[in-house]
Amino acid sequence: MVMVIAMAQYDFSQVYAAHKEMVWKLVSRYVFSQQDREDLFQEVFLKIHQGLNRFEGRSGIQTWIFRITANTALNFLKKQKRYGGLKDILSRFRFIEEKDEDKDHDEGKELSKLLGKLNPQQRMILIMADVEERKLEEIAQTLDLPVGTVKSNLHRAREIVKKEMNKNEGI
Amino acid sequence: MREYEGLAGKIRENQGRADYDRMFERIQERISRRRTEMRLALAGSLVVLFLAFAGYYYYPIRQAESGGVLMSYVFEHESVDGPLLDYVFNE
């Protein structure tokens with residue numbers, strides 16, 4: 001009975017209204033083009049919709065949504081990395097038109113280029129640790145990784161980014 | 001020199017614009033499309049299951065009707081002076 005009440009208290013549109021800004025903020029840190037952000041944002045809420053009936057409230061809903069967002073973003077980045085090369089080739093031959101987006105996109109492009117040197121896992125860990133300032137244990141729990149792996153990935157990611165920044169400085 | 005720490009701030013500030021109503025509409029569209037797809041998939045698999053069952057059930061009977069397969073008699077009652085025993089003992 002308690003379970004039924006706990007499950008019934010989450011209505012999707014209410015969850016959307018209450019957490020849309022938080023999800024957008026997170027999504028904006030993980031991907032940098034407007035199109036990617038919108039795609040990822042929708043993907044996250046589709047997952048939330050799918051899982052809402054099964055959400056038992058063992059953790060807070062905010063924590064649950066954060067976990068979904070982080071893992072969806074990680075999968076999104078992996079997919080992007082896998083098909084990124086193909087997309088580049090197609091756009092070179094103009095099968096896919098590059099959208100002319102606003103000036104925010106230039107900065108986004110710069111950030112994408114910089115973080116594009118990292119693999120998706122390193123990228124997520126770096127953002128969660130250095131941008132969102134989350135503890136290593138929390139990152140490990142969210143991404144379902146050992147703390148040691150998180151630590152080594154973070155160290156490597158920082159090195160790569162710093163190196164890339166220095167390289168850009170030198171030009 | 002650009003500092004590494006500055007990067008975190010840059011990422012935090014880089015937010016873009018969000019049209020929440022439009023995105024909510026799209027999410028709703030995708031949810032209803034997914035529901036329709038799931039219903040179709042369910043209906044399709046029920047049809048396949050039904051056809052498979054019908055095929056499994058009727059195929060031996062049809063073969064028996066055309067006088068082909070002995071094993072198909074297991075689906076029917078056989079009397080003592082029926083054709084099966086007649087076939088076994090006399091042919």
# chains A, B, ... in the order shown; residues from 1 in each chain; ligands from 1
>>> closest_atom_pairs(of="chain A", to="chain B", cutoff="6 Å", atoms="only C-alpha atoms", output="Markdown table")
| residue | atom | partner | partner_atom | distance |
| --- | --- | --- | --- | --- |
| A:Ser28 | CA | B:Gln15 | CA | 5.3 |
| A:Arg29 | CA | B:Ile11 | CA | 5.8 |
| A:Gln42 | CA | B:Ile27 | CA | 5.9 |
| A:Val131 | CA | B:Ala8 | CA | 4.8 |
>>> write_last_selection(atoms="C-alpha atoms", output="PDB file, in the first residue's frame")
ATOM      1  CA  SER A  28      24.383  22.165 -21.014  1.00  0.00           C
ATOM      2  CA  ARG A  29      27.541  21.182 -19.194  1.00  0.00           C
ATOM      3  CA  GLN A  42      14.470  14.979 -24.486  1.00  0.00           C
ATOM      4  CA  VAL A 131      32.647  21.857 -12.993  1.00  0.00           C
TER       5      VAL A 131
END
>>> residues_around(residues="region 115-118 of chain A", least_positions_apart="2", cutoff="12 Å", atoms="only C-alpha atoms", output="PyMOL selection string")
(chain A and resi 29-32+77-78+80-81+84+108-113+120-127+153-165) or (chain B and resi 7-8+11)
>>> write_last_selection(atoms="C-alpha atoms", output="PDB file, in the first residue's frame")
ATOM      1  CA  ARG A  29      27.541  21.182 -19.194  1.00  0.00           C
ATOM      2  CA  TYR A  30      27.831  17.815 -20.886  1.00  0.00           C
ATOM      3  CA  VAL A  31      27.209  18.818 -24.521  1.00  0.00           C
ATOM      4  CA  PHE A  32      27.700  22.192 -26.130  1.00  0.00           C
ATOM      5  CA  LEU A  77      28.666  11.011 -25.940  1.00  0.00           C
ATOM      6  CA  LYS A  78      29.717   7.435 -26.693  1.00  0.00           C
ATOM      7  CA  GLN A  80      28.432  10.637 -30.817  1.00  0.00           C
ATOM      8  CA  LYS A  81      32.043   9.532 -30.735  1.00  0.00           C
ATOM      9  CA  GLY A  84      31.099  11.442 -35.250  1.00  0.00           C
ATOM     10  CA  GLY A 108      30.461  25.765 -27.466  1.00  0.00           C
ATOM     11  CA  LYS A 109      32.508  24.699 -30.463  1.00  0.00           C
ATOM     12  CA  GLU A 110      35.683  25.772 -28.716  1.00  0.00           C
ATOM     13  CA  LEU A 111      34.748  23.799 -25.606  1.00  0.00           C
ATOM     14  CA  SER A 112      33.721  20.797 -27.701  1.00  0.00           C
ATOM     15  CA  LYS A 113      37.060  20.876 -29.469  1.00  0.00           C
ATOM     16  CA  PRO A 120      33.301  10.144 -23.092  1.00  0.00           C
ATOM     17  CA  GLN A 121      34.002   8.645 -19.670  1.00  0.00           C
ATOM     18  CA  GLN A 122      36.931  10.988 -18.968  1.00  0.00           C
ATOM     19  CA  ARG A 123      34.862  13.927 -20.159  1.00  0.00           C
ATOM     20  CA  MET A 124      31.955  13.118 -17.873  1.00  0.00           C
ATOM     21  CA  ILE A 125      34.238  12.555 -14.893  1.00  0.00           C
ATOM     22  CA  LEU A 126      36.127  15.806 -15.498  1.00  0.00           C
ATOM     23  CA  ILE A 127      32.916  17.827 -15.747  1.00  0.00           C
ATOM     24  CA  ASN A 153      40.440   8.949 -15.356  1.00  0.00           C
ATOM     25  CA  LEU A 154      40.182  12.364 -13.744  1.00  0.00           C
ATOM     26  CA  HIS A 155      43.954  12.688 -13.479  1.00  0.00           C
ATOM     27  CA  ARG A 156      44.407  11.676 -17.116  1.00  0.00           C
ATOM     28  CA  ALA A 157      41.592  13.969 -18.295  1.00  0.00           C
ATOM     29  CA  ARG A 158      43.093  16.975 -16.501  1.00  0.00           C
ATOM     30  CA  GLU A 159      46.468  16.272 -18.053  1.00  0.00           C
ATOM     31  CA  ILE A 160      45.027  16.021 -21.548  1.00  0.00           C
ATOM     32  CA  VAL A 161      42.997  19.224 -21.224  1.00  0.00           C
ATOM     33  CA  LYS A 162      45.878  21.198 -19.751  1.00  0.00           C
ATOM     34  CA  LYS A 163      48.155  19.983 -22.520  1.00  0.00           C
ATOM     35  CA  GLU A 164      45.591  20.943 -25.136  1.00  0.00           C
ATOM     36  CA  MET A 165      45.149  24.384 -23.585  1.00  0.00           C
TER      37      MET A 165
ATOM     38  CA  LEU B   7      37.523  26.411 -18.121  1.00  0.00           C
ATOM     39  CA  ALA B   8      35.150  25.199 -15.406  1.00  0.00           C
ATOM     40  CA  ILE B  11      31.449  25.502 -19.035  1.00  0.00           C
TER      41      ILE B  11
END
>>> atom_distance(atom1="CA of Arg22 (chain B)", atom2="CA of Lys20 (chain A)")
12.3 Å
